[in-house]
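Structure file query.cif; described as mmCIF, C-alpha atoms.
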data_entry
loop_
_atom_site.group_PDB
_atom_site.id
_atom_site.type_symbol
_atom_site.label_atom_id
_atom_site.label_comp_id
_atom_site.auth_asym_id
_atom_site.auth_seq_id
_atom_site.Cartn_x
_atom_site.Cartn_y
_atom_site.Cartn_z
ATOM 1 C CA MET A 1 122.694 173.696 72.958
ATOM 2 C CA THR A 2 119.752 171.308 73.252
ATOM 3 C CA ARG A 3 117.068 172.289 75.744
ATOM 4 C CA PHE A 4 115.432 169.563 77.852
ATOM 5 C CA GLY A 5 111.903 170.083 79.106
ATOM 6 C CA TYR A 6 109.108 168.357 80.975
ATOM 7 C CA PHE A 7 105.830 167.419 79.267
ATOM 8 C CA LEU A 8 102.738 168.047 81.424
ATOM 9 C CA ALA A 9 99.937 165.586 80.561
ATOM 10 C CA SER A 10 96.611 167.373 81.033
ATOM 11 C CA GLU A 11 94.792 164.133 80.177
ATOM 12 C CA GLU A 12 96.205 162.410 83.265
ATOM 13 C CA HIS A 13 96.430 165.090 85.962
ATOM 14 C CA GLY A 14 94.235 167.772 87.493
ATOM 15 C CA PRO A 15 95.125 171.472 87.480
ATOM 16 C CA ALA A 16 96.697 171.694 90.940
ATOM 17 C CA SER A 17 98.812 168.617 90.243
ATOM 18 C CA LEU A 18 100.018 170.091 86.940
ATOM 19 C CA VAL A 19 101.137 173.276 88.687
ATOM 20 C CA ARG A 20 103.027 171.242 91.306
ATOM 21 C CA GLN A 21 104.657 169.191 88.558
ATOM 22 C CA ALA A 22 105.747 172.363 86.791
ATOM 23 C CA GLN A 23 107.400 173.514 90.000
ATOM 24 C CA GLY A 24 108.997 170.088 90.452
ATOM 25 C CA ALA A 25 110.344 170.172 86.908
ATOM 26 C CA GLU A 26 111.950 173.547 87.526
ATOM 27 C CA ALA A 27 113.513 172.338 90.792
ATOM 28 C CA ALA A 28 114.854 169.224 89.036
ATOM 29 C CA GLY A 29 116.665 171.309 86.429
ATOM 30 C CA PHE A 30 114.383 171.049 83.404
ATOM 31 C CA ASP A 31 114.625 174.035 81.052
ATOM 32 C CA ALA A 32 111.054 174.369 79.783
ATOM 33 C CA LEU A 33 107.531 172.944 79.779
ATOM 34 C CA TRP A 34 105.122 171.432 77.293
ATOM 35 C CA ILE A 35 101.449 171.129 78.213
ATOM 36 C CA SER A 36 98.748 169.276 76.283
ATOM 37 C CA ASP A 37 95.447 170.954 75.374
ATOM 38 C CA HIS A 38 92.481 168.548 75.419
ATOM 39 C CA PHE A 39 88.758 168.622 76.045
ATOM 40 C CA HIS A 40 88.629 164.833 76.651
ATOM 41 C CA PRO A 41 91.359 162.474 77.807
ATOM 42 C CA TRP A 42 92.241 159.740 75.340
ATOM 43 C CA LEU A 43 90.839 157.111 77.729
ATOM 44 C CA ASP A 44 88.792 157.166 80.915
ATOM 45 C CA SER A 45 91.723 155.491 82.694
ATOM 46 C CA GLN A 46 93.680 158.746 82.290
ATOM 47 C CA GLY A 47 90.819 160.528 83.965
ATOM 48 C CA GLN A 48 91.436 164.286 83.636
ATOM 49 C CA SER A 49 91.282 167.185 81.176
ATOM 50 C CA PRO A 50 91.330 170.636 82.796
ATOM 51 C CA PHE A 51 90.971 173.845 80.781
ATOM 52 C CA VAL A 52 94.554 174.419 79.779
ATOM 53 C CA TRP A 53 94.449 178.218 79.674
ATOM 54 C CA SER A 54 93.634 178.501 83.375
ATOM 55 C CA VAL A 55 96.448 176.079 84.171
ATOM 56 C CA ILE A 56 98.949 177.990 82.015
ATOM 57 C CA GLY A 57 98.188 181.197 83.880
ATOM 58 C CA ALA A 58 98.843 179.511 87.219
ATOM 59 C CA ILE A 59 102.048 177.876 85.969
ATOM 60 C CA GLY A 60 103.259 181.183 84.575
ATOM 61 C CA GLN A 61 103.132 182.700 88.044
ATOM 62 C CA ALA A 62 104.368 179.611 89.931
ATOM 63 C CA THR A 63 107.514 179.004 87.865
ATOM 64 C CA SER A 64 109.921 180.919 85.643
ATOM 65 C CA LEU A 65 110.000 178.254 82.909
ATOM 66 C CA PRO A 66 108.845 178.890 79.334
ATOM 67 C CA VAL A 67 105.634 177.085 78.333
ATOM 68 C CA THR A 68 104.507 175.674 74.962
ATOM 69 C CA THR A 69 101.099 174.148 74.247
ATOM 70 C CA ALA A 70 101.566 170.735 72.637
ATOM 71 C CA VAL A 71 99.291 171.257 70.937
ATOM 72 C CA THR A 72 96.276 173.555 70.589
ATOM 73 C CA CYS A 73 93.815 173.200 67.711
ATOM 74 C CA PRO A 74 92.606 176.758 66.882
ATOM 75 C CA THR A 75 90.130 175.789 64.188
ATOM 76 C CA THR A 76 86.962 174.002 65.352
ATOM 77 C CA ARG A 77 86.234 173.801 69.085
ATOM 78 C CA MET A 78 87.487 177.355 69.616
ATOM 79 C CA HIS A 79 87.572 180.153 67.062
ATOM 80 C CA PRO A 80 91.096 181.421 66.313
ATOM 81 C CA ALA A 81 90.138 184.883 67.621
ATOM 82 C CA VAL A 82 89.430 183.323 71.025
ATOM 83 C CA ILE A 83 92.700 181.366 70.944
ATOM 84 C CA ALA A 84 94.528 184.567 69.976
ATOM 85 C CA HIS A 85 93.021 186.232 73.060
ATOM 86 C CA ALA A 86 93.952 183.302 75.330
ATOM 87 C CA ALA A 87 97.483 183.047 73.949
ATOM 88 C CA ALA A 88 98.123 186.784 74.266
ATOM 89 C CA THR A 89 97.039 186.792 77.909
ATOM 90 C CA SER A 90 99.084 183.661 78.612
ATOM 91 C CA ALA A 91 102.154 185.255 77.021
ATOM 92 C CA ALA A 92 101.637 188.295 79.250
ATOM 93 C CA LEU A 93 101.482 186.034 82.340
ATOM 94 C CA VAL A 94 104.131 183.358 81.733
ATOM 95 C CA ARG A 95 107.349 184.775 83.119
ATOM 96 C CA GLY A 96 109.604 182.457 81.143
ATOM 97 C CA GLY A 97 107.898 183.084 77.798
ATOM 98 C CA PHE A 98 104.993 181.437 76.006
ATOM 99 C CA THR A 99 104.824 179.636 72.649
ATOM 100 C CA LEU A 100 101.561 178.618 71.002
ATOM 101 C CA GLY A 101 101.962 175.121 69.636
ATOM 102 C CA VAL A 102 99.220 174.352 67.105
ATOM 103 C CA GLY A 103 97.990 171.400 65.096
ATOM 104 C CA THR A 104 95.063 170.240 63.006
ATOM 105 C CA GLY A 105 93.475 168.485 65.983
ATOM 106 C CA GLU A 106 91.584 165.291 66.707
ATOM 107 C CA ALA A 107 87.882 164.545 66.592
ATOM 108 C CA LEU A 108 88.205 163.443 70.236
ATOM 109 C CA ASN A 109 88.357 167.099 71.285
ATOM 110 C CA GLU A 110 86.962 169.041 68.372
ATOM 111 C CA HIS A 111 83.661 167.265 67.640
ATOM 112 C CA ILE A 112 81.927 168.470 70.796
ATOM 113 C CA LEU A 113 80.040 171.392 69.215
ATOM 114 C CA GLY A 114 78.382 169.082 66.708
ATOM 115 C CA LEU A 115 80.210 170.401 63.655
ATOM 116 C CA PRO A 116 81.343 167.997 60.934
ATOM 117 C CA TRP A 117 84.920 166.776 61.351
ATOM 118 C CA PRO A 118 86.752 167.949 58.211
ATOM 119 C CA PRO A 119 89.152 165.788 56.202
ATOM 120 C CA ALA A 120 92.874 166.271 56.775
ATOM 121 C CA ALA A 121 93.524 168.460 53.736
ATOM 122 C CA GLN A 122 90.769 170.875 54.775
ATOM 123 C CA ARG A 123 92.022 170.973 58.359
ATOM 124 C CA ILE A 124 95.452 172.062 57.108
ATOM 125 C CA THR A 125 93.870 174.898 55.100
ATOM 126 C CA MET A 126 91.788 175.915 58.125
ATOM 127 C CA LEU A 127 94.898 175.976 60.297
ATOM 128 C CA GLN A 128 96.707 178.195 57.805
ATOM 129 C CA GLU A 129 93.886 180.747 57.918
ATOM 130 C CA ALA A 130 93.654 180.467 61.714
ATOM 131 C CA MET A 131 97.335 181.371 62.048
ATOM 132 C CA GLN A 132 96.751 184.402 59.838
ATOM 133 C CA VAL A 133 93.810 185.545 61.986
ATOM 134 C CA MET A 134 95.756 185.174 65.230
ATOM 135 C CA ARG A 135 98.765 187.082 63.950
ATOM 136 C CA GLU A 136 96.538 189.897 62.705
ATOM 137 C CA LEU A 137 94.983 190.225 66.151
ATOM 138 C CA TRP A 138 98.375 190.187 67.892
ATOM 139 C CA THR A 139 99.243 193.448 66.119
ATOM 140 C CA GLY A 140 96.892 195.200 68.537
ATOM 141 C CA LYS A 141 95.081 196.850 65.636
ATOM 142 C CA LEU A 142 91.337 196.838 64.976
ATOM 143 C CA ILE A 143 90.821 193.824 62.724
ATOM 144 C CA THR A 144 88.093 192.778 60.326
ATOM 145 C CA HIS A 145 88.711 189.493 58.539
ATOM 146 C CA ARG A 146 86.458 187.814 55.966
ATOM 147 C CA GLY A 147 87.952 184.472 55.071
ATOM 148 C CA GLU A 148 87.061 181.092 53.674
ATOM 149 C CA TYR A 149 86.504 179.603 57.138
ATOM 150 C CA TYR A 150 86.589 182.456 59.664
ATOM 151 C CA ASP A 151 85.090 185.911 60.064
ATOM 152 C CA VAL A 152 86.285 188.488 62.558
ATOM 153 C CA ASP A 153 84.270 191.710 62.875
ATOM 154 C CA THR A 154 86.021 194.844 64.194
ATOM 155 C CA ALA A 155 87.973 193.066 66.938
ATOM 156 C CA ARG A 156 90.981 194.371 68.835
ATOM 157 C CA LEU A 157 93.078 192.751 71.541
ATOM 158 C CA TYR A 158 93.963 195.243 74.264
ATOM 159 C CA THR A 159 96.028 192.996 76.548
ATOM 160 C CA LEU A 160 99.158 191.978 74.692
ATOM 161 C CA PRO A 161 102.613 190.739 75.667
ATOM 162 C CA ASP A 162 105.706 192.783 74.806
ATOM 163 C CA GLU A 163 106.291 190.509 71.797
ATOM 164 C CA PRO A 164 103.644 188.490 69.901
ATOM 165 C CA PRO A 165 103.641 184.766 70.752
ATOM 166 C CA LYS A 166 105.618 182.476 68.499
ATOM 167 C CA ILE A 167 103.616 179.767 66.709
ATOM 168 C CA TYR A 168 105.108 176.281 66.439
ATOM 169 C CA MET A 169 103.220 173.716 64.387
ATOM 170 C CA SER A 170 102.845 169.956 64.734
ATOM 171 C CA ALA A 171 103.253 168.267 61.347
ATOM 172 C CA PHE A 172 103.056 164.623 60.272
ATOM 173 C CA GLY A 173 102.900 164.579 56.443
ATOM 174 C CA PRO A 174 104.449 166.521 53.542
ATOM 175 C CA LYS A 175 101.608 169.070 53.218
ATOM 176 C CA ALA A 176 101.571 169.903 56.918
ATOM 177 C CA THR A 177 105.376 170.002 57.057
ATOM 178 C CA ALA A 178 105.503 172.403 54.109
ATOM 179 C CA LEU A 179 102.951 174.665 55.844
ATOM 180 C CA ALA A 180 104.927 174.562 59.093
ATOM 181 C CA ALA A 181 108.120 175.443 57.223
ATOM 182 C CA SER A 182 106.589 178.435 55.453
ATOM 183 C CA GLU A 183 104.146 179.811 58.036
ATOM 184 C CA ALA A 184 105.162 178.665 61.539
ATOM 185 C CA ASP A 185 108.053 179.788 63.731
ATOM 186 C CA GLY A 186 109.017 176.233 64.678
ATOM 187 C CA LEU A 187 108.140 172.543 64.294
ATOM 188 C CA ILE A 188 106.702 170.108 66.849
ATOM 189 C CA GLN A 189 107.273 166.332 66.641
ATOM 190 C CA VAL A 190 105.965 163.490 68.826
ATOM 191 C CA ALA A 191 108.262 160.897 67.238
ATOM 192 C CA PRO A 192 111.832 161.261 65.990
ATOM 193 C CA SER A 193 111.720 161.744 62.217
ATOM 194 C CA PRO A 194 114.919 162.908 60.503
ATOM 195 C CA GLU A 195 113.046 163.002 57.192
ATOM 196 C CA THR A 196 110.409 165.409 58.537
ATOM 197 C CA VAL A 197 113.019 167.655 60.153
ATOM 198 C CA GLU A 198 115.045 167.739 56.934
ATOM 199 C CA MET A 199 111.952 168.532 54.862
ATOM 200 C CA PHE A 200 110.961 171.271 57.305
ATOM 201 C CA ARG A 201 114.370 172.899 57.122
ATOM 202 C CA SER A 202 114.695 172.567 53.335
ATOM 203 C CA ARG A 203 111.212 174.042 52.658
ATOM 204 C CA GLY A 204 111.781 177.272 54.579
ATOM 205 C CA GLY A 205 112.293 176.202 58.177
ATOM 206 C CA ALA A 206 116.088 176.560 58.229
ATOM 207 C CA GLY A 207 117.120 178.168 61.493
ATOM 208 C CA LYS A 208 113.720 177.627 63.113
ATOM 209 C CA PRO A 209 113.542 175.520 66.308
ATOM 210 C CA VAL A 210 112.306 171.933 66.318
ATOM 211 C CA GLN A 211 110.708 170.478 69.446
ATOM 212 C CA GLY A 212 110.108 166.800 70.145
ATOM 213 C CA GLY A 213 108.352 164.937 72.938
ATOM 214 C CA LEU A 214 108.076 161.427 74.345
ATOM 215 C CA LYS A 215 106.576 159.505 77.254
ATOM 216 C CA VAL A 216 108.411 157.347 79.758
ATOM 217 C CA CYS A 217 107.314 155.526 82.892
ATOM 218 C CA TRP A 218 109.991 155.629 85.575
ATOM 219 C CA ASP A 219 109.507 153.256 88.499
ATOM 220 C CA PRO A 220 111.967 151.237 90.605
ATOM 221 C CA ASP A 221 110.136 148.127 89.376
ATOM 222 C CA GLU A 222 110.174 147.757 85.591
ATOM 223 C CA GLY A 223 107.279 145.285 85.578
ATOM 224 C CA ARG A 224 105.096 147.655 87.553
ATOM 225 C CA ALA A 225 106.048 150.495 85.210
ATOM 226 C CA ARG A 226 105.083 148.417 82.168
ATOM 227 C CA ARG A 227 101.703 147.549 83.672
ATOM 228 C CA LEU A 228 101.013 151.179 84.529
ATOM 229 C CA ALA A 229 102.001 152.436 81.080
ATOM 230 C CA HIS A 230 99.695 149.844 79.516
ATOM 231 C CA GLU A 231 96.834 150.833 81.830
ATOM 232 C CA ARG A 232 97.152 154.607 81.367
ATOM 233 C CA TRP A 233 98.505 155.097 77.834
ATOM 234 C CA PRO A 234 97.798 152.086 75.586
ATOM 235 C CA ASN A 235 96.895 154.555 72.822
ATOM 236 C CA GLU A 236 100.616 155.320 72.493
ATOM 237 C CA ALA A 237 100.892 152.064 70.548
ATOM 238 C CA LEU A 238 98.060 152.785 68.098
ATOM 239 C CA GLN A 239 99.126 153.227 64.496
ATOM 240 C CA GLY A 240 97.527 155.103 61.621
ATOM 241 C CA GLU A 241 94.759 157.722 61.668
ATOM 242 C CA ALA A 242 92.612 156.383 64.529
ATOM 243 C CA ALA A 243 93.846 159.118 66.870
ATOM 244 C CA GLN A 244 92.485 161.772 64.508
ATOM 245 C CA ILE A 245 89.025 160.370 63.823
ATOM 246 C CA LEU A 246 87.689 158.553 66.924
ATOM 247 C CA PRO A 247 85.365 160.876 68.890
ATOM 248 C CA LEU A 248 85.163 159.409 72.415
ATOM 249 C CA PRO A 249 87.476 157.921 75.059
ATOM 250 C CA ARG A 250 85.402 154.733 75.070
ATOM 251 C CA HIS A 251 86.256 154.203 71.399
ATOM 252 C CA PHE A 252 89.950 154.310 72.212
ATOM 253 C CA GLN A 253 89.287 151.923 75.086
ATOM 254 C CA GLN A 254 87.514 149.482 72.780
ATOM 255 C CA LEU A 255 90.294 149.659 70.216
ATOM 256 C CA THR A 256 93.217 149.363 72.613
ATOM 257 C CA GLU A 257 91.635 146.518 74.606
ATOM 258 C CA SER A 258 91.448 144.407 71.477
ATOM 259 C CA LEU A 259 94.684 145.412 69.769
ATOM 260 C CA VAL A 260 97.298 146.751 72.176
ATOM 261 C CA THR A 261 99.404 144.505 74.402
ATOM 262 C CA GLU A 262 101.613 145.465 77.307
ATOM 263 C CA GLU A 263 104.633 144.582 75.180
ATOM 264 C CA ALA A 264 103.482 146.906 72.393
ATOM 265 C CA VAL A 265 103.201 149.824 74.824
ATOM 266 C CA ALA A 266 106.611 149.052 76.327
ATOM 267 C CA GLN A 267 108.097 149.348 72.849
ATOM 268 C CA GLN A 268 106.773 152.919 72.652
ATOM 269 C CA VAL A 269 107.090 154.017 76.301
ATOM 270 C CA THR A 270 110.411 153.385 78.056
ATOM 271 C CA CYS A 271 109.643 151.749 81.403
ATOM 272 C CA GLY A 272 111.643 151.192 84.560
ATOM 273 C CA PRO A 273 114.747 152.518 86.342
ATOM 274 C CA ASP A 274 117.549 151.837 83.830
ATOM 275 C CA PRO A 275 119.273 155.126 82.885
ATOM 276 C CA GLU A 276 120.604 153.616 79.671
ATOM 277 C CA ALA A 277 117.072 152.820 78.497
ATOM 278 C CA HIS A 278 115.918 156.397 79.106
ATOM 279 C CA LEU A 279 118.947 157.853 77.348
ATOM 280 C CA ALA A 280 118.416 155.465 74.443
ATOM 281 C CA ALA A 281 114.819 156.712 74.086
ATOM 282 C CA ILE A 282 115.958 160.345 73.909
ATOM 283 C CA ARG A 283 118.986 159.984 71.615
ATOM 284 C CA PRO A 284 116.984 159.431 68.388
ATOM 285 C CA TYR A 285 115.438 162.872 68.860
ATOM 286 C CA LEU A 286 118.877 164.430 69.192
ATOM 287 C CA GLU A 287 120.159 162.496 66.192
ATOM 288 C CA SER A 288 117.194 163.636 64.078
ATOM 289 C CA GLY A 289 118.078 167.278 64.707
ATOM 290 C CA VAL A 290 115.564 168.229 67.403
ATOM 291 C CA ASP A 291 116.556 171.341 69.384
ATOM 292 C CA GLU A 292 114.289 170.781 72.412
ATOM 293 C CA VAL A 293 113.213 167.434 73.919
ATOM 294 C CA TYR A 294 110.270 167.166 76.340
ATOM 295 C CA VAL A 295 109.803 164.073 78.536
ATOM 296 C CA CYS A 296 106.476 163.076 80.124
ATOM 297 C CA GLN A 297 106.321 160.792 83.162
ATOM 298 C CA VAL A 298 103.395 158.371 83.031
ATOM 299 C CA GLY A 299 101.697 157.753 86.363
ATOM 300 C CA ASP A 300 101.726 159.555 89.687
ATOM 301 C CA ASP A 301 105.317 159.260 90.955
ATOM 302 C CA GLN A 302 106.634 162.524 89.581
ATOM 303 C CA GLU A 303 108.850 163.036 92.635
ATOM 304 C CA GLY A 304 110.738 159.829 91.929
ATOM 305 C CA PHE A 305 110.957 160.675 88.241
ATOM 306 C CA PHE A 306 112.271 164.177 88.911
ATOM 307 C CA GLU A 307 114.956 162.908 91.285
ATOM 308 C CA PHE A 308 115.976 160.226 88.764
ATOM 309 C CA TYR A 309 116.278 162.728 85.914
ATOM 310 C CA ARG A 310 117.975 165.343 88.112
ATOM 311 C CA SER A 311 120.679 162.936 89.219
ATOM 312 C CA GLU A 312 120.949 160.321 86.447
ATOM 313 C CA ILE A 313 119.692 161.668 83.129
ATOM 314 C CA LEU A 314 119.945 165.443 82.720
ATOM 315 C CA PRO A 315 123.648 165.658 83.664
ATOM 316 C CA ARG A 316 124.527 162.997 81.109
ATOM 317 C CA LEU A 317 122.398 164.557 78.400
ATOM 318 C CA ARG A 318 124.036 167.934 78.939
ATOM 319 C CA ALA A 319 127.466 166.328 78.934
ATOM 320 C CA GLY A 320 126.634 164.618 75.654
ATOM 321 C CA VAL A 321 127.073 161.135 77.136
#
Before anything else, please render the file you have as structure tokens.
Amino acid sequence: MTRFGYFLASEEHGPASLVRQAQGAEAAGFDALWISDHFHPWLDSQGQSPFVWSVIGAIGQATSLPVTTAVTCPTTRMHPAVIAHAAATSAALVRGGFTLGVGTGEALNEHILGLPWPPAAQRITMLQEAMQVMRELWTGKLITHRGEYYDVDTARLYTLPDEPPKIYMSAFGPKATALAASEADGLIQVAPSPETVEMFRSRGGAGKPVQGGLKVCWDPDEGRARRLAHERWPNEALQGEAAQILPLPRHFQQLTESLVTEEAVAQQVTCGPDPEAHLAAIRPYLESGVDEVYVCQVGDDQEGFFEFYRSEILPRLRAGV
């Protein structure tokens, strides 16, 4: 049975608000949580970016929902040994279970230490080694690792969950999808792609879960919702590799101001109060074979969104309507 979750946007909300939203999602009947892991927001108009690991610990005690990071980059800004430590502690705290979602990252978050931003092929190789390092540390044994990108010197994690965290991987192209299929415990998608899901399952991911996520902007007034989505998340309509290589929120602002219209955002972010429009945005994920779908509400009216999904959307999704 498909699981329906709520996507917490760390770029748009402060830590206390994210914890309240997690509680609201549980009360509304959502099954699970995604939470983004950023150092910067995409744009200054989003305005937040708390340290996700502190927030996860609070959520894990405030709700009983499982939590997945969507996604963490364990390669550049933070060494995989540190992420292994953070993920192990989070898994010990989150009552509903914790999954480490990983990806190859964006320069927006990872450039901050002044290191060169590697090309995509190298980032995939770095991620593969990072997953190896983290899994070695989750054994609880004393680990020394000398690798191509990472060294770990006689390190042992003492605080561990009952079971090691699962690793799900975000993948966009054939090389990343093949790595996710062979090395990860599940796949993460931010757009419905039957081809990617099929490749994942045929390359070794058969039987592994696939998660997908999308943004919507519920509001009683569709026009107001469209304006808000365009103000907060115009980067949703950007195409190509810009999201991976631009280093600062102001660069995304410059690009979206010149290229992205309100109509373009509305084509990517379902806006307004029509249940059929929200269901239509979710169905392609189900049709592509996704096992878990996470929905993010753009803006500040989470209470209205939660009531709308509790009464209008979740019952119909679970009934297969």
What's the separation between CA of Ile124 (chain A) and CA of Cys73 (chain A), in Å to one decimal place?
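The value is 10.8 Å.
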Would you pick out the contacts of region 219-226 of chain A at 7 Å or less, using only C-alpha atoms, so that residues sharing its chain but fewer than 2 positions from it are not included, and give the list as a list in words?
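Using only C-alpha atoms, the neighbours found are Cys217, Leu228, Ala229, His230, Glu262, Ala266, Cys271, Gly272 and Pro273 of chain A.
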If I put a ball of radius 10 Å at (94.1, 167.2, 76.1) in the file's coordinates, which residues poke into it when counting all atoms listed in the file, written as a list in words?
Ala9, Ser10, Glu11, Glu12, Ile35, Ser36, Asp37, His38, Phe39, His40, Pro41, Trp42, Gln48, Ser49, Pro50, Phe51, Val52, Ala70, Val71, Thr72, Glu106, Leu108 and Asn109 of chain A
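Those residues returned by the PyMOL selection byres ((chain A and resi 291) around 7) for this file are Thr2, Arg3, Pro209, Val210, Gln211, Gly289, Val290, Glu292 and Val293 of chain A.
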Could you tell me, as number ranges by chain, exactly which residues end up selected when the PyMOL selection byres ((chain A and resi 303-320) around 6) is applied to this structure?
A: 28, 218, 301-302, 321
Give one line per residue of region 111-133 of chain A that approaches region 144-152 of chain A to at most 8 Å, naming the two atoms of the closest pair and their distance in Å to one decimal, counting all atoms listed in the file; sort by chain then ascending residue number and deliver it as a Markdown table.
| residue | atom | partner | partner_atom | distance |
| --- | --- | --- | --- | --- |
| A:Met126 | CA | A:Tyr149 | CA | 6.5 |
| A:Glu129 | CA | A:Tyr149 | CA | 7.5 |
| A:Ala130 | CA | A:Tyr150 | CA | 7.6 |
| A:Val133 | CA | A:His145 | CA | 7.3 |
With distances taken over all atoms listed in the file, which residue among A:Leu248, A:Leu100, A:Leu255, A:Ala155 lies nearest Leu187 (chain A)?
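Between A:Leu248, A:Leu100, A:Leu255, A:Ala155, the residue approaching Leu187 (chain A) most closely is A:Leu100.
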Residues within 10 Å of Ala121 (chain A), only C-alpha atoms, excluding chain neighbours under 6 positions, as an NGL selection string
:A and (104 or 175-176)
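From CA of Ala92 (chain A) back to CA of Thr177 (chain A), the distance works out to 29.0 Å.
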May I ask for the distance between CA of Ala84 (chain A) and CA of Leu179 (chain A), given in Å to one decimal place?
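Between CA of Ala84 (chain A) and CA of Leu179 (chain A) the gap works out to 19.2 Å.
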Kindly indicate which residue among A:Ser64, A:Arg203, A:Leu43, A:Ala243 lies nearest to Glu257 (chain A), using only C-alpha atoms for the distances.
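Of all the options, A:Leu43 lies closest to Glu257 (chain A).
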Within 12 Å of Arg135 (chain A), counting only C-alpha atoms, which residues show up once you throw out same-chain ones fewer than 3 positions away? Write them as a PyMOL selection string, please.
chain A and resi 80-81+83-85+87-88+100+128-132+138-141+143+145+156-157+160+163-167+183-185
Apply the PyMOL selection byres ((chain A and resi 34) around 7) to the file shown and report the selected residues as a PyMOL selection string.
chain A and resi 6-8+33+35-36+67-70+294
Excluding Arg250 (chain A) and its own-chain neighbours fewer than 3 positions away, which residues fall within 8 Å of it when counting all atoms listed in the file? Please give them as number ranges by chain.
A: 43-44, 253-254
My list of candidates is A:Val260, A:Ala280, A:Ile245, A:Val216. Which is closest to Gly299 (chain A) when distances are computed with all atoms listed in the file?
A:Val216
